[in-house]
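**Student:** Structure provided below as structure tokens; questions to follow.
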Amino acid sequence: MRLLKVATSNLNQWAMDFDCNAKQIKESIAKAKEAGAAIRLGPELEIPGYGCEDHFLELDTVNHSWECLKDLLLGDWTDGIVCSFGMPVIKGSERYNCQVFCLNRKIIMIRPKMSLANDGNYRELRWFTAWKQRDQLVDFQLPPEFSKAIGQNSVPFGYGFIKFQDTAIAAEVCEELFTPTPPHSELALNGVEVFMNASGSHHQLRKLDVRLRAFIGATQTRGGVYIYSNHQGCDGSRLYYDGCASVVVNGDVVAQGSQFSLKDVEVVVAQIDLDVVASLRGSLSSFQEQASCKTKVPSVEVPFSLCLPFNLKTHLSLPLKIKYHTPEEEIAFGPGCWLWDYLRRSGASGFLLPLSGGADSSSVAAIVGCMCQLVVKEIANGDEQVKADAIRIGNYKDGLYPTDSREFAKRIFYTVFMGSENSSEMTRSRAKVLADEIGSWHLDVSIDVVVSAFLSLFQTLTGKRPRYKVDGGSNVENLSLQNIQARIRMVLAFMLASLLPWVHSKPGFYLVLGSSNVDEGLRGYLTKYDCSSADINPIGSISKQDLRAFLQWAAIHLGYSSLADIEAAPPTAELEPIRSNYSQLDEVDMGMTYEELSVYGRLRKIFRCGPVSMFQNLCYRWGARLTPSQVAEKVKHFFKYYSINRHKMTVLTPSYHAESYSPEDNRFDLRQFLYNARWPYQFRKIDELVSELDVKDVKDSGDHEAMAATSDGVGGMGVAAAGSGNPNVGL
């Protein structure tokens with residue numbers, strides 16, 4: 001037996017906070033050593049933080065990374081344990097995203113990343129160069145001050161692996177795993193048994209299975225130990241890195257860390273028998289054949305042993321059942337943890353939420369309530385950092401700290417129902433009941449006097465007073481009257497967030513939370529600079545359908561039973577007067593359902609469909625119930641309002657990223673915001689396709705009738721059936 005104990009980690013790093021990051025790296029090494037691990041793996045770019053973005057272009061960021069690495073090597077942190085650290089390295093005139101392997105206060109090898117993540121939220125090619133030399137390791141001269149301090153002049157640099165006396169290990173950095181020809185394939189043929197993947201992978205709903213299947217596939221058919229480390233938390237942007245540090249052996253997950261957690265440092269340890277890797281490879285004829293004619297990968301030899309011999313007191317890590325969260329749990333825990341990181345790192349004293357009693361703002365309130373529950377639970381579990389942050393934010397004195405989530409919410413969470421003459425008693429009541437369940441400090445205010453003041457001012461200036469459509473006004477008047485209510489609420493929210501802490505003799509300020517969902521952003525069904533304009537928005541990249549499912553889940557599992565009634569109520573903005581024969585409804589206003597919006601969003605972003613290809617796809621999807629003309633009208637209607645309102649995405653509140661069809665304009669969905677909303681060429685092509693389909697349907701229907709008329713014995717019945725049916729039902 002060759003027994004190897006490995007440690008991997010989830011670290012809640014903060015971009016550009018080198019003190020914080022170095023402290024947590026050291027804590028993870030200490031825990032790995034305490035567990036007796038021979039290998040410690042940290043996440044990608046863990047020294048400066050993954051989310052430094054354009055700070056990577058600054059020489060300071062690279063220099064500070066070397067300074068932190070020097071501090072690690074001058075201490076005893078790497079004594080007797082192989083540590084892989086992530087940091088930027090400049091070689092010549094190129095900047096590389098690197099893993100630095102260290103042992104016994106020396107650098108063994110620097111491995112630059114060869115395939116850079118450059119889609120979706122990732123922009124690595126903006127800051128780094130991909131390493132392209134695969135046939136040799138080159139000599140890298142260490143920076144003079146660093147070299148003098150650790151007594152080492154140069155190190156091997158490039159693509160290769162490390163040969164120890166009893167096994168071989170190698171890096172495979174994040175995106176490289178997901179390339180068509182991942183490095184682990186040829187590294188395995190070269191005898192590498194342990195693959196170390198340092199990652200910076202963010203959370204997205206229903207994404208974890210894709211990641212874990214990649215680890216399993218990497219070792220299932222060729223054998224090996226796959227160690228995965230990731231960031232966990234908000235490191236300063238819209239993304240939440242969702243941890244899940246794991247160890248996989250021959251396709252079996254033997255260790256898995258948490259996906260969502262308030263812990264700053266989590267270390268996952270596994271005890272492995274490397275002989276099971278050699279045994280599996282020896283039993284695979286195809287592996288043996290390919291290994292015999294492999295392309296040779298460069299290596300570095302280290303006269304050091306990582307493994308221990310057979311020992312009855314040692315317990316091997318066994319395969320375990322993979323832990324997956326439901327999408328509803330992901331919505332609760334992901335944004336909840338992200339909000340906590342943002343709150344404690346921003347210097348704010350709490351949150352303020354305009355709570356309308358509708359599904360979206362109630363979802364945000366429930367997520368804040370979940371955050372409070374997580375904080376209290378983590379304190380009860382003994383997390384001193386969470387306790388210290390909660391005491392500071394909640395302004396606790398005399399040794400007190402949070403023990404009840406409702407009491408904690410009362411200290412850090414304001415909710416405000418900003419009613420008008422158009423608001424119903426039902427939504428006012430729902431907001432109050434939910435606030436009581438969560439424990440927030442709830443206010444109920446009327447904005448009618450402010451609306452009236454604006455309208456009076458407008459009347460003084462112009463001599464005219466706008467009216468709602470139900471009272472005989474035009475569309476322009478109707479929309480303007482709705483917008484002024486929404487914008488007043490935004491101004492009032494920021495005023496209250498600034499002054500309420502002062503009113504209640506609390507320090508600091510409150511962050512305003514937004515509550516528009518991804519579908520409303522896609523359609524533009526929101527007022528520019530209204531309550532959707534906040535400091536941050538935890539649901540801005542979550543669909544209405546997912547939020548409704550979350551409300552049902554939260555009513556039971558978070559203990560906020562009023563959410564069931566809120567979910568069951570039809571969505572309404574309540575910006576127009578309620579009449580006996582009229583009640584404003586979101587889906588009627590938009591001219592499309594939220595379910596349809598999700599379909600449009602996925603086709604537009606995930607499947608990269610323009611108007612014409614979306615029409616063609618939907619003809620197949622909806623052809624059983626809609627004619628081509630009806631499908632065409634729906635597609636045109638969506639693209640018209642999507643393009644008219646795209647400018648709103650340029651000022652959209654920074655939102656937690658959760659959905660693959662998010663229209664977020666900052667970095668994920670980069671498109672123009674000034675369109676020809678008539679789409680003349682594209683819509684003309686759709687009209688041509690509709691005409692072709694109509695002609696084909698008429699011909700097919702005529703052929704069908706002729707065949708039915710000549711059929712034996714049932715001709716009359718056949719003609720009647722053809723004549724009364726929908727000729728487009730087959731599309």
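The way I read the labels, and the way they are meant: chains A, B, ... in the order of the structure tokens, residue 1 as the first residue of every chain, and ligand 1 as the first ligand shown, with later ones counted on from there.
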Could you give me, as a ChimeraX atom specification, each residue of stretch 298-401 of chain A that DSSP assigns to alpha helix (DSSP H) when run on this structure's backbone?
**Tutor:** /A:327-346,359-380,384-394
**Student:** When you look at A:Met1 with a cut-off of 7 Å (counting only C-alpha atoms), what residues show up, excluding the ones that are within fewer than 4 positions of it in the same chain? I need them as a list in words.
**Tutor:** Asp273, Asp275, Pro309 and Phe310 of chain A
**Student:** For A:Ser691, list every protein, DNA or RNA residue within 9 Å, evaluated using only C-alpha atoms, and leave out those in the same chain fewer than 4 positions away; present the list as a PyMOL selection string.
**Tutor:** chain A and resi 628-629+686-687+695-696
**Student:** Closest to A:Phe683 among A:Ser201, A:Thr650, A:Gln232, A:Ser613, using only C-alpha atoms?
**Tutor:**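 Closest to A:Phe683, using only C-alpha atoms: A:Ser613.
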**Student:** Given only C-alpha atoms, how would the per-residue table for stretch 429-505 of chain A near stretch 350-363 of chain A read, listing every residue at most 7 Å away with its closest atom pair and distance in Å to one decimal, sorted by chain and number, as JSON lines?
**Tutor:**
```
{"residue": "A:Arg430", "atom": "CA", "partner": "A:Gly357", "partner_atom": "CA", "distance": 5.2}
{"residue": "A:Ala431", "atom": "CA", "partner": "A:Gly357", "partner_atom": "CA", "distance": 4.3}
{"residue": "A:Ala493", "atom": "CA", "partner": "A:Pro354", "partner_atom": "CA", "distance": 6.8}
{"residue": "A:Ala497", "atom": "CA", "partner": "A:Leu352", "partner_atom": "CA", "distance": 6.0}
```
**Student:** Take the residues from that selection and write them out as a PDB file, in the first residue's frame, keeping C-alpha atoms.
**Tutor:**
```pdb
ATOM      1  CA  ARG A 430     -48.824  40.527   3.345  1.00  0.00           C
ATOM      2  CA  ALA A 431     -45.809  42.812   3.708  1.00  0.00           C
ATOM      3  CA  ALA A 493     -35.540  54.290  -0.024  1.00  0.00           C
ATOM      4  CA  ALA A 497     -31.242  53.998   4.317  1.00  0.00           C
TER       5      ALA A 497
END
```
**Student:** Counting only C-alpha atoms, what is within 9 Å of A:Glu664, bar same-chain residues fewer than 6 positions away, as a list of chain:residue names?
**Tutor:**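 Once the adjacent positions are removed, what remains is A:Val518, A:Gly521, A:Leu522, A:Gly540, A:Ser541, A:Met649, A:Thr650, A:Leu652, A:Pro654, A:Ser655, A:His657, A:Leu670.
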**Student:** Check the smallest atom-to-atom distance from each of A:Asn395, A:Thr8, A:Thr415, A:Asn422 to A:Ala37 using only C-alpha atoms, then report the winner.
**Tutor:**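 The shortest atom-to-atom distance to A:Ala37 comes from A:Thr8.
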**Student:** Would you mind listing what lies within 12 Å of A:Pro680 as a count of residues only, with only C-alpha atoms counted and same-chain residues fewer than 3 positions away left out?
**Tutor:** 13
**Student:** Skip stretch 329-332 of chain A itself and residues of its chain fewer than 2 positions away, then list as a list in words all residues within 8 Å of it, counting only C-alpha atoms.
**Tutor:** Leu205, His325, Thr326, Pro327, Gly334, Pro335, Gly336, Ala366, Ile367, Cys370 and Phe550 of chain A
**Student:** Excluding stretch 130-143 of chain A and any residue of its chain fewer than 2 positions from it, enumerate the residues within 10 Å of it, using only C-alpha atoms, and give them as JSON, numbers by chain.
**Tutor:** {"A": [63, 66, 89, 90, 91, 92, 94, 95, 96, 97, 98, 107, 109, 110, 111, 112, 113, 114, 115, 116, 117, 124, 125, 128, 145, 146, 147, 148, 152, 153, 154, 155, 156, 157, 158, 159, 160, 161, 295, 296, 297, 298, 299, 300]}
